[in-house]
$ cat model-v8.cif   # mmCIF, N, CA and C atoms
data_target
#
loop_
_atom_site.label_atom_id
_atom_site.label_comp_id
_atom_site.auth_asym_id
_atom_site.auth_seq_id
_atom_site.Cartn_x
_atom_site.Cartn_y
_atom_site.Cartn_z
N MET A 1 72.01 49.92 72.38
CA MET A 1 70.94 49.76 71.43
C MET A 1 70.88 48.30 70.99
N LYS A 2 69.70 47.90 70.58
CA LYS A 2 69.47 46.53 70.13
C LYS A 2 68.68 46.53 68.82
N LYS A 3 68.93 45.50 68.03
CA LYS A 3 68.12 45.26 66.83
C LYS A 3 67.19 44.10 67.16
N ILE A 4 65.90 44.34 66.96
CA ILE A 4 64.90 43.28 67.14
C ILE A 4 64.46 42.85 65.75
N GLU A 5 64.57 41.55 65.51
CA GLU A 5 64.17 40.98 64.23
C GLU A 5 63.13 39.90 64.52
N ALA A 6 61.95 40.06 63.97
CA ALA A 6 60.87 39.11 64.22
C ALA A 6 60.41 38.51 62.90
N ILE A 7 60.30 37.19 62.86
CA ILE A 7 59.76 36.47 61.72
C ILE A 7 58.36 36.01 62.13
N ILE A 8 57.33 36.51 61.44
CA ILE A 8 55.95 36.23 61.86
C ILE A 8 55.11 35.79 60.67
N ARG A 9 53.89 35.36 60.96
CA ARG A 9 52.92 35.02 59.92
C ARG A 9 52.49 36.30 59.20
N PRO A 10 52.35 36.26 57.88
CA PRO A 10 51.95 37.47 57.14
C PRO A 10 50.61 38.04 57.59
N GLU A 11 49.68 37.19 57.96
CA GLU A 11 48.35 37.66 58.35
C GLU A 11 48.35 38.40 59.68
N LYS A 12 49.46 38.34 60.42
CA LYS A 12 49.56 39.04 61.70
C LYS A 12 50.26 40.40 61.58
N LEU A 13 50.75 40.73 60.39
CA LEU A 13 51.53 41.95 60.22
C LEU A 13 50.76 43.20 60.62
N ASN A 14 49.56 43.40 60.13
CA ASN A 14 48.81 44.63 60.44
C ASN A 14 48.55 44.78 61.93
N GLU A 15 48.24 43.69 62.59
CA GLU A 15 47.99 43.72 64.03
C GLU A 15 49.27 44.12 64.79
N VAL A 16 50.39 43.53 64.40
CA VAL A 16 51.67 43.84 65.05
C VAL A 16 52.07 45.29 64.78
N ARG A 17 51.94 45.74 63.52
CA ARG A 17 52.28 47.13 63.17
C ARG A 17 51.46 48.13 63.98
N ALA A 18 50.16 47.88 64.08
CA ALA A 18 49.29 48.79 64.83
C ALA A 18 49.70 48.86 66.29
N ALA A 19 50.00 47.71 66.87
CA ALA A 19 50.39 47.68 68.29
C ALA A 19 51.73 48.37 68.50
N LEU A 20 52.68 48.20 67.59
CA LEU A 20 53.97 48.88 67.72
C LEU A 20 53.80 50.39 67.58
N GLY A 21 52.89 50.82 66.72
CA GLY A 21 52.60 52.24 66.58
C GLY A 21 52.03 52.84 67.84
N GLU A 22 51.20 52.07 68.54
CA GLU A 22 50.59 52.55 69.79
C GLU A 22 51.61 52.76 70.90
N ILE A 23 52.71 52.01 70.88
CA ILE A 23 53.71 52.17 71.95
C ILE A 23 54.92 52.98 71.47
N ASP A 24 54.75 53.70 70.37
CA ASP A 24 55.79 54.59 69.84
C ASP A 24 57.10 53.89 69.51
N CYS A 25 57.02 52.76 68.85
CA CYS A 25 58.21 52.09 68.32
C CYS A 25 58.83 53.06 67.32
N PRO A 26 60.15 53.29 67.37
CA PRO A 26 60.77 54.35 66.56
C PRO A 26 60.65 54.17 65.05
N GLY A 27 60.52 52.98 64.56
CA GLY A 27 60.42 52.74 63.13
C GLY A 27 60.63 51.27 62.85
N ILE A 28 60.09 50.79 61.74
CA ILE A 28 60.26 49.39 61.40
C ILE A 28 60.58 49.24 59.91
N THR A 29 61.20 48.14 59.59
CA THR A 29 61.41 47.71 58.21
C THR A 29 60.71 46.36 58.08
N VAL A 30 59.93 46.20 57.02
CA VAL A 30 59.19 44.95 56.80
C VAL A 30 59.64 44.34 55.48
N THR A 31 59.93 43.05 55.51
CA THR A 31 60.38 42.33 54.33
C THR A 31 59.59 41.03 54.22
N GLU A 32 59.13 40.71 53.00
CA GLU A 32 58.50 39.41 52.78
C GLU A 32 59.62 38.39 52.60
N VAL A 33 59.54 37.30 53.35
CA VAL A 33 60.58 36.27 53.31
C VAL A 33 59.93 34.89 53.19
N GLU A 34 60.74 33.89 52.86
CA GLU A 34 60.31 32.50 52.84
C GLU A 34 61.26 31.69 53.69
N GLY A 35 60.74 30.64 54.31
CA GLY A 35 61.61 29.79 55.10
C GLY A 35 60.82 28.70 55.80
N HIS A 36 61.52 27.96 56.63
CA HIS A 36 60.86 26.94 57.44
C HIS A 36 61.60 26.77 58.75
N GLY A 37 60.91 26.29 59.72
CA GLY A 37 61.50 26.00 61.02
C GLY A 37 61.66 24.51 61.19
N LYS A 38 61.46 24.04 62.40
CA LYS A 38 61.63 22.62 62.71
C LYS A 38 60.68 21.73 61.92
N GLN A 39 59.52 22.26 61.55
CA GLN A 39 58.53 21.43 60.85
C GLN A 39 58.93 21.13 59.42
N LYS A 40 59.94 21.82 58.89
CA LYS A 40 60.46 21.61 57.54
C LYS A 40 59.38 21.75 56.46
N GLY A 41 58.50 22.72 56.62
CA GLY A 41 57.44 22.94 55.65
C GLY A 41 56.17 22.21 56.05
N LEU A 42 55.27 22.03 55.08
CA LEU A 42 54.04 21.32 55.37
C LEU A 42 53.56 20.58 54.12
N VAL A 43 52.71 19.58 54.35
CA VAL A 43 52.15 18.80 53.25
C VAL A 43 50.71 19.25 53.05
N GLN A 44 50.36 19.59 51.80
CA GLN A 44 49.01 20.01 51.47
C GLN A 44 48.44 19.09 50.40
N GLN A 45 47.12 19.10 50.30
CA GLN A 45 46.47 18.31 49.28
C GLN A 45 45.66 19.23 48.38
N TRP A 46 45.78 19.02 47.06
CA TRP A 46 45.06 19.83 46.10
C TRP A 46 44.63 18.93 44.96
N ARG A 47 43.34 18.92 44.72
CA ARG A 47 42.76 18.06 43.68
C ARG A 47 43.17 16.60 43.84
N GLY A 48 43.19 16.15 45.06
CA GLY A 48 43.47 14.75 45.35
C GLY A 48 44.93 14.37 45.39
N LYS A 49 45.81 15.29 45.09
CA LYS A 49 47.25 15.00 45.11
C LYS A 49 47.90 15.73 46.27
N LYS A 50 48.83 15.05 46.92
CA LYS A 50 49.57 15.66 48.01
C LYS A 50 50.86 16.25 47.48
N TYR A 51 51.21 17.39 48.00
CA TYR A 51 52.49 17.99 47.66
C TYR A 51 53.06 18.69 48.88
N LYS A 52 54.38 18.78 48.93
CA LYS A 52 55.06 19.36 50.09
C LYS A 52 55.49 20.80 49.78
N VAL A 53 55.12 21.70 50.66
CA VAL A 53 55.56 23.09 50.58
C VAL A 53 56.70 23.22 51.58
N GLU A 54 57.91 23.38 51.08
CA GLU A 54 59.06 23.41 51.98
C GLU A 54 59.39 24.80 52.51
N LEU A 55 59.15 25.82 51.70
CA LEU A 55 59.41 27.19 52.13
C LEU A 55 58.09 27.91 52.30
N LEU A 56 57.81 28.32 53.53
CA LEU A 56 56.55 28.97 53.86
C LEU A 56 56.70 30.49 53.81
N GLN A 57 55.64 31.17 53.41
CA GLN A 57 55.63 32.63 53.35
C GLN A 57 55.62 33.19 54.78
N LYS A 58 56.52 34.11 55.07
CA LYS A 58 56.61 34.79 56.36
C LYS A 58 56.89 36.27 56.11
N VAL A 59 56.85 37.04 57.18
CA VAL A 59 57.20 38.46 57.14
C VAL A 59 58.26 38.70 58.20
N LYS A 60 59.31 39.46 57.82
CA LYS A 60 60.35 39.82 58.78
C LYS A 60 60.19 41.29 59.13
N ILE A 61 60.11 41.57 60.42
CA ILE A 61 60.03 42.94 60.93
C ILE A 61 61.35 43.23 61.65
N GLU A 62 61.96 44.36 61.32
CA GLU A 62 63.21 44.76 61.96
C GLU A 62 63.06 46.15 62.54
N THR A 63 63.63 46.36 63.72
CA THR A 63 63.63 47.67 64.33
C THR A 63 64.86 47.80 65.23
N ILE A 64 65.35 49.02 65.38
CA ILE A 64 66.46 49.32 66.27
C ILE A 64 65.89 50.14 67.42
N VAL A 65 66.14 49.70 68.65
CA VAL A 65 65.55 50.36 69.82
C VAL A 65 66.58 50.54 70.93
N LYS A 66 66.25 51.41 71.86
CA LYS A 66 67.07 51.59 73.05
C LYS A 66 66.99 50.31 73.90
N ASP A 67 68.05 50.03 74.63
CA ASP A 67 68.09 48.82 75.46
C ASP A 67 66.89 48.73 76.40
N ALA A 68 66.48 49.87 76.95
CA ALA A 68 65.38 49.89 77.92
C ALA A 68 64.04 49.52 77.29
N ASP A 69 63.90 49.65 75.97
CA ASP A 69 62.62 49.38 75.29
C ASP A 69 62.49 47.96 74.77
N VAL A 70 63.54 47.17 74.82
CA VAL A 70 63.52 45.84 74.22
C VAL A 70 62.40 44.97 74.81
N GLY A 71 62.30 44.91 76.11
CA GLY A 71 61.31 44.03 76.75
C GLY A 71 59.88 44.33 76.34
N ARG A 72 59.50 45.59 76.32
CA ARG A 72 58.10 45.91 75.98
C ARG A 72 57.81 45.70 74.50
N ILE A 73 58.79 45.95 73.64
CA ILE A 73 58.56 45.74 72.21
C ILE A 73 58.49 44.26 71.89
N VAL A 74 59.36 43.46 72.49
CA VAL A 74 59.29 42.01 72.30
C VAL A 74 57.96 41.47 72.80
N LYS A 75 57.49 41.96 73.95
CA LYS A 75 56.22 41.51 74.51
C LYS A 75 55.05 41.83 73.57
N VAL A 76 55.04 43.03 73.02
CA VAL A 76 53.97 43.42 72.09
C VAL A 76 53.97 42.52 70.86
N ILE A 77 55.15 42.28 70.29
CA ILE A 77 55.22 41.42 69.11
C ILE A 77 54.73 40.02 69.46
N MET A 78 55.18 39.48 70.57
CA MET A 78 54.76 38.13 70.97
C MET A 78 53.25 38.05 71.19
N ASP A 79 52.71 39.04 71.88
CA ASP A 79 51.27 39.04 72.16
C ASP A 79 50.43 39.13 70.89
N LYS A 80 50.83 39.98 69.96
CA LYS A 80 50.03 40.21 68.75
C LYS A 80 50.26 39.18 67.66
N ALA A 81 51.43 38.54 67.63
CA ALA A 81 51.75 37.59 66.56
C ALA A 81 51.38 36.15 66.93
N ARG A 82 51.09 35.89 68.19
CA ARG A 82 50.85 34.52 68.65
C ARG A 82 49.48 33.99 68.22
N THR A 83 49.49 32.76 67.68
CA THR A 83 48.25 32.03 67.39
C THR A 83 48.21 30.71 68.17
N ASP A 84 49.29 30.37 68.86
CA ASP A 84 49.47 29.11 69.58
C ASP A 84 49.51 27.91 68.65
N LYS A 85 49.92 28.12 67.40
CA LYS A 85 50.07 27.04 66.43
C LYS A 85 51.51 27.01 65.94
N ILE A 86 51.93 25.85 65.45
CA ILE A 86 53.27 25.74 64.89
C ILE A 86 53.40 26.74 63.75
N GLY A 87 54.54 27.42 63.70
CA GLY A 87 54.79 28.38 62.62
C GLY A 87 54.51 29.82 63.00
N ASP A 88 54.30 30.10 64.29
CA ASP A 88 54.06 31.48 64.72
C ASP A 88 55.28 32.37 64.50
N GLY A 89 56.48 31.79 64.51
CA GLY A 89 57.67 32.56 64.21
C GLY A 89 58.66 32.63 65.34
N LYS A 90 59.63 33.53 65.18
CA LYS A 90 60.70 33.71 66.16
C LYS A 90 61.03 35.19 66.27
N ILE A 91 61.62 35.55 67.41
CA ILE A 91 62.13 36.91 67.61
C ILE A 91 63.60 36.79 68.00
N PHE A 92 64.44 37.57 67.34
CA PHE A 92 65.86 37.59 67.62
C PHE A 92 66.23 38.99 68.09
N VAL A 93 67.14 39.08 69.07
CA VAL A 93 67.60 40.38 69.57
C VAL A 93 69.12 40.39 69.44
N TYR A 94 69.64 41.41 68.75
CA TYR A 94 71.07 41.54 68.49
C TYR A 94 71.58 42.86 69.06
N PRO A 95 72.83 42.88 69.51
CA PRO A 95 73.43 44.17 69.91
C PRO A 95 73.73 45.01 68.67
N VAL A 96 73.58 46.33 68.80
CA VAL A 96 73.90 47.26 67.71
C VAL A 96 75.02 48.16 68.21
N GLU A 97 76.10 48.17 67.48
CA GLU A 97 77.26 48.95 67.89
C GLU A 97 77.03 50.44 67.74
N ASP A 98 76.45 50.85 66.61
CA ASP A 98 76.23 52.28 66.38
C ASP A 98 75.19 52.47 65.28
N VAL A 99 74.62 53.67 65.24
CA VAL A 99 73.63 54.04 64.22
C VAL A 99 73.96 55.45 63.76
N PHE A 100 73.81 55.69 62.46
CA PHE A 100 74.03 57.02 61.90
C PHE A 100 72.83 57.41 61.06
N ARG A 101 72.34 58.62 61.25
CA ARG A 101 71.28 59.15 60.39
C ARG A 101 71.96 59.85 59.22
N ILE A 102 71.71 59.38 58.02
CA ILE A 102 72.39 59.90 56.84
C ILE A 102 72.10 61.38 56.61
N ARG A 103 70.83 61.78 56.72
CA ARG A 103 70.44 63.16 56.41
C ARG A 103 71.11 64.18 57.31
N THR A 104 71.14 63.93 58.63
CA THR A 104 71.63 64.94 59.58
C THR A 104 73.00 64.65 60.15
N GLY A 105 73.47 63.41 59.99
CA GLY A 105 74.74 63.05 60.58
C GLY A 105 74.66 62.68 62.05
N GLU A 106 73.44 62.67 62.60
CA GLU A 106 73.29 62.28 64.01
C GLU A 106 73.82 60.86 64.20
N LYS A 107 74.24 60.60 65.43
CA LYS A 107 74.89 59.34 65.75
C LYS A 107 74.29 58.76 67.03
N GLY A 108 74.30 57.43 67.15
CA GLY A 108 73.85 56.76 68.36
C GLY A 108 72.35 56.82 68.55
N GLU A 109 71.91 56.85 69.81
CA GLU A 109 70.48 56.84 70.12
C GLU A 109 69.73 58.02 69.51
N ALA A 110 70.40 59.14 69.33
CA ALA A 110 69.77 60.31 68.71
C ALA A 110 69.37 60.01 67.27
N ALA A 111 70.06 59.08 66.62
CA ALA A 111 69.78 58.74 65.23
C ALA A 111 68.62 57.75 65.10
N VAL A 112 68.25 57.11 66.20
CA VAL A 112 67.14 56.16 66.18
C VAL A 112 65.86 56.96 66.18
#
$ encode --input "model-v8.cif" --output "structure tokens"
Amino acid sequence: MKKIEAIIRPEKLNEVRAALGEIDCPGITVTEVEGHGKQKGLVQQWRGKKYKVELLQKVKIETIVKDADVGRIVKVIMDKARTDKIGDGKIFVYPVEDVFRIRTGEKGEAAV
């Protein structure tokens, strides 16, 4: 099993969620986060004054999937979250040792 963690633009969340629902992604957790990548934020102008926004608003999507599903889920996220502009985000894939469903006690892939 793998954990897929994607940091994306907030305005792309609904599009990504809908696409993941269409391919039967087992479930997702969504968290509003702030951060910056290589660009270290951005400079904006308001009422003639420039100011630097160092932490940008992003959304983190997390899901646990079977190893065989990683490629198609990553592809869907990339396709739906991409704007071809700096700040589109990142996708991280981590190994998951085990999963337990609290309600039933199921373990492993059955718990996903």
$ residues_near_point --input "model-v8.cif" --point "(55.2, 45.3, 68.5)" --cutoff "8 Å" --atoms "only N, CA and C atoms" --output "VMD selection string"
chain A and resid 15 to 23 25 72 to 81
$ write_last_selection --input "model-v8.cif" --atoms "N, CA and C atoms" --output "tab-separated table (two decimals), keeping the file's coordinate frame"
chain	number	residue	atom	x	y	z
A	15	GLU	N	48.24	43.69	62.59
A	15	GLU	CA	47.99	43.72	64.03
A	15	GLU	C	49.27	44.12	64.79
A	16	VAL	N	50.39	43.53	64.40
A	16	VAL	CA	51.67	43.84	65.05
A	16	VAL	C	52.07	45.29	64.78
A	17	ARG	N	51.94	45.74	63.52
A	17	ARG	CA	52.28	47.13	63.17
A	17	ARG	C	51.46	48.13	63.98
A	18	ALA	N	50.16	47.88	64.08
A	18	ALA	CA	49.29	48.79	64.83
A	18	ALA	C	49.70	48.86	66.29
A	19	ALA	N	50.00	47.71	66.87
A	19	ALA	CA	50.39	47.68	68.29
A	19	ALA	C	51.73	48.37	68.50
A	20	LEU	N	52.68	48.20	67.59
A	20	LEU	CA	53.97	48.88	67.72
A	20	LEU	C	53.80	50.39	67.58
A	21	GLY	N	52.89	50.82	66.72
A	21	GLY	CA	52.60	52.24	66.58
A	21	GLY	C	52.03	52.84	67.84
A	22	GLU	N	51.20	52.07	68.54
A	22	GLU	CA	50.59	52.55	69.79
A	22	GLU	C	51.61	52.76	70.90
A	23	ILE	N	52.71	52.01	70.88
A	23	ILE	CA	53.71	52.17	71.95
A	23	ILE	C	54.92	52.98	71.47
A	25	CYS	N	57.02	52.76	68.85
A	25	CYS	CA	58.21	52.09	68.32
A	25	CYS	C	58.83	53.06	67.32
A	72	ARG	N	59.50	45.59	76.32
A	72	ARG	CA	58.10	45.91	75.98
A	72	ARG	C	57.81	45.70	74.50
A	73	ILE	N	58.79	45.95	73.64
A	73	ILE	CA	58.56	45.74	72.21
A	73	ILE	C	58.49	44.26	71.89
A	74	VAL	N	59.36	43.46	72.49
A	74	VAL	CA	59.29	42.01	72.30
A	74	VAL	C	57.96	41.47	72.80
A	75	LYS	N	57.49	41.96	73.95
A	75	LYS	CA	56.22	41.51	74.51
A	75	LYS	C	55.05	41.83	73.57
A	76	VAL	N	55.04	43.03	73.02
A	76	VAL	CA	53.97	43.42	72.09
A	76	VAL	C	53.97	42.52	70.86
A	77	ILE	N	55.15	42.28	70.29
A	77	ILE	CA	55.22	41.42	69.11
A	77	ILE	C	54.73	40.02	69.46
A	78	MET	N	55.18	39.48	70.57
A	78	MET	CA	54.76	38.13	70.97
A	78	MET	C	53.25	38.05	71.19
A	79	ASP	N	52.71	39.04	71.88
A	79	ASP	CA	51.27	39.04	72.16
A	79	ASP	C	50.43	39.13	70.89
A	80	LYS	N	50.83	39.98	69.96
A	80	LYS	CA	50.03	40.21	68.75
A	80	LYS	C	50.26	39.18	67.66
A	81	ALA	N	51.43	38.54	67.63
A	81	ALA	CA	51.75	37.59	66.56
A	81	ALA	C	51.38	36.15	66.93
$ resolve_selection --input "model-v8.cif" --expression "the PyMOL selection byres ((chain A and resi 66) around 8)" --output "ChimeraX atom specification"
/A:1-3,26,63-65,67-71,109,112
$ resolve_selection --input "model-v8.cif" --expression "the PyMOL selection byres (((chain A and resi 29-40 and name CA) around 8) and name CA)" --output "list of chain:residue names"
A:Gly27, A:Ile28, A:Gly41, A:Leu42, A:Glu54, A:Leu55, A:Leu56, A:Gln57, A:Lys58, A:Val59, A:Lys60, A:Ile61, A:Glu62, A:Thr63, A:Ile86, A:Gly87
$ write_last_selection --input "model-v8.cif" --atoms "N, CA and C atoms" --output "tab-separated table (two decimals), in the frame of the given file"
chain	number	residue	atom	x	y	z
A	27	GLY	N	60.52	52.98	64.56
A	27	GLY	CA	60.42	52.74	63.13
A	27	GLY	C	60.63	51.27	62.85
A	28	ILE	N	60.09	50.79	61.74
A	28	ILE	CA	60.26	49.39	61.40
A	28	ILE	C	60.58	49.24	59.91
A	41	GLY	N	58.50	22.72	56.62
A	41	GLY	CA	57.44	22.94	55.65
A	41	GLY	C	56.17	22.21	56.05
A	42	LEU	N	55.27	22.03	55.08
A	42	LEU	CA	54.04	21.32	55.37
A	42	LEU	C	53.56	20.58	54.12
A	54	GLU	N	57.91	23.38	51.08
A	54	GLU	CA	59.06	23.41	51.98
A	54	GLU	C	59.39	24.80	52.51
A	55	LEU	N	59.15	25.82	51.70
A	55	LEU	CA	59.41	27.19	52.13
A	55	LEU	C	58.09	27.91	52.30
A	56	LEU	N	57.81	28.32	53.53
A	56	LEU	CA	56.55	28.97	53.86
A	56	LEU	C	56.70	30.49	53.81
A	57	GLN	N	55.64	31.17	53.41
A	57	GLN	CA	55.63	32.63	53.35
A	57	GLN	C	55.62	33.19	54.78
A	58	LYS	N	56.52	34.11	55.07
A	58	LYS	CA	56.61	34.79	56.36
A	58	LYS	C	56.89	36.27	56.11
A	59	VAL	N	56.85	37.04	57.18
A	59	VAL	CA	57.20	38.46	57.14
A	59	VAL	C	58.26	38.70	58.20
A	60	LYS	N	59.31	39.46	57.82
A	60	LYS	CA	60.35	39.82	58.78
A	60	LYS	C	60.19	41.29	59.13
A	61	ILE	N	60.11	41.57	60.42
A	61	ILE	CA	60.03	42.94	60.93
A	61	ILE	C	61.35	43.23	61.65
A	62	GLU	N	61.96	44.36	61.32
A	62	GLU	CA	63.21	44.76	61.96
A	62	GLU	C	63.06	46.15	62.54
A	63	THR	N	63.63	46.36	63.72
A	63	THR	CA	63.63	47.67	64.33
A	63	THR	C	64.86	47.80	65.23
A	86	ILE	N	51.93	25.85	65.45
A	86	ILE	CA	53.27	25.74	64.89
A	86	ILE	C	53.40	26.74	63.75
A	87	GLY	N	54.54	27.42	63.70
A	87	GLY	CA	54.79	28.38	62.62
A	87	GLY	C	54.51	29.82	63.00
$ atom_distance --input "model-v8.cif" --atom1 "atom N of Gly89 in chain A" --atom2 "atom C of Ile7 in chain A"
5.2 Å
$ atom_distance --input "model-v8.cif" --atom1 "CA of Lys12 in chain A" --atom2 "CA of Arg82 in chain A"
8.4 Å
$ select_by_dssp --input "model-v8.cif" --residues "chain A" --states "helix (DSSP H, G or I)" --output "ChimeraX atom specification"
/A:10-22,67-81,108-111
$ atom_distance --input "model-v8.cif" --atom1 "atom C of Thr83 in chain A" --atom2 "atom N of Gln44 in chain A"
19.9 Å
$ select_by_dssp --input "model-v8.cif" --residues "chain A" --states "strand (DSSP E or B)" --output "ChimeraX atom specification"
/A:2-8,29-35,42-46,49-53,56-65,89-95,100,107
$ build_atoms --input "model-v8.cif" --residues "range 31-40 of chain A" --atoms "all heavy atoms" --output "CSV table (one decimal), in the frame of the given file"
chain,number,residue,atom,x,y,z
A,31,THR,N,59.9,43.0,55.5
A,31,THR,CA,60.4,42.3,54.3
A,31,THR,C,59.6,41.0,54.2
A,31,THR,O,59.4,40.3,55.2
A,31,THR,CB,61.9,42.0,54.4
A,31,THR,OG1,62.6,43.1,54.8
A,31,THR,CG2,62.4,41.4,53.1
A,32,GLU,N,59.1,40.7,53.0
A,32,GLU,CA,58.5,39.4,52.8
A,32,GLU,C,59.6,38.4,52.6
A,32,GLU,O,60.5,38.6,51.8
A,32,GLU,CB,57.6,39.5,51.5
A,32,GLU,CG,56.4,40.3,51.7
A,32,GLU,CD,55.5,40.4,50.5
A,32,GLU,OE1,55.8,39.6,49.5
A,32,GLU,OE2,54.6,41.2,50.5
A,33,VAL,N,59.5,37.3,53.4
A,33,VAL,CA,60.6,36.3,53.3
A,33,VAL,C,59.9,34.9,53.2
A,33,VAL,O,58.7,34.7,53.4
A,33,VAL,CB,61.5,36.3,54.6
A,33,VAL,CG1,62.3,37.6,54.6
A,33,VAL,CG2,60.7,36.1,55.8
A,34,GLU,N,60.7,33.9,52.9
A,34,GLU,CA,60.3,32.5,52.8
A,34,GLU,C,61.3,31.7,53.7
A,34,GLU,O,62.4,32.0,53.8
A,34,GLU,CB,60.3,31.9,51.4
A,34,GLU,CG,59.4,32.6,50.5
A,34,GLU,CD,59.4,32.0,49.1
A,34,GLU,OE1,60.4,31.3,48.7
A,34,GLU,OE2,58.5,32.1,48.3
A,35,GLY,N,60.7,30.6,54.3
A,35,GLY,CA,61.6,29.8,55.1
A,35,GLY,C,60.8,28.7,55.8
A,35,GLY,O,59.6,28.5,55.6
A,36,HIS,N,61.5,28.0,56.6
A,36,HIS,CA,60.9,26.9,57.4
A,36,HIS,C,61.6,26.8,58.8
A,36,HIS,O,62.8,27.1,58.9
A,36,HIS,CB,60.7,25.6,56.7
A,36,HIS,CG,62.0,24.9,56.5
A,36,HIS,ND1,62.8,24.3,57.4
A,36,HIS,CD2,62.8,24.8,55.3
A,36,HIS,CE1,63.8,23.8,56.9
A,36,HIS,NE2,63.9,24.1,55.6
A,37,GLY,N,60.9,26.3,59.7
A,37,GLY,CA,61.5,26.0,61.0
A,37,GLY,C,61.7,24.5,61.2
A,37,GLY,O,61.9,23.8,60.2
A,38,LYS,N,61.5,24.0,62.4
A,38,LYS,CA,61.6,22.6,62.7
A,38,LYS,C,60.7,21.7,61.9
A,38,LYS,O,61.0,20.6,61.6
A,38,LYS,CB,61.4,22.4,64.2
A,38,LYS,CG,62.5,22.9,65.1
A,38,LYS,CD,62.2,22.6,66.5
A,38,LYS,CE,63.2,23.2,67.4
A,38,LYS,NZ,62.9,22.9,68.8
A,39,GLN,N,59.5,22.3,61.6
A,39,GLN,CA,58.5,21.4,60.8
A,39,GLN,C,58.9,21.1,59.4
A,39,GLN,O,58.3,20.3,58.8
A,39,GLN,CB,57.1,22.1,60.9
A,39,GLN,CG,56.9,23.2,59.9
A,39,GLN,CD,57.3,24.5,60.4
A,39,GLN,OE1,58.0,24.7,61.4
A,39,GLN,NE2,56.9,25.6,59.7
A,40,LYS,N,59.9,21.8,58.9
A,40,LYS,CA,60.5,21.6,57.5
A,40,LYS,C,59.4,21.8,56.5
A,40,LYS,O,59.3,21.0,55.5
A,40,LYS,CB,61.1,20.2,57.4
A,40,LYS,CG,62.2,19.9,58.4
A,40,LYS,CD,63.5,20.6,58.1
A,40,LYS,CE,64.6,20.1,59.0
A,40,LYS,NZ,65.0,21.1,59.9
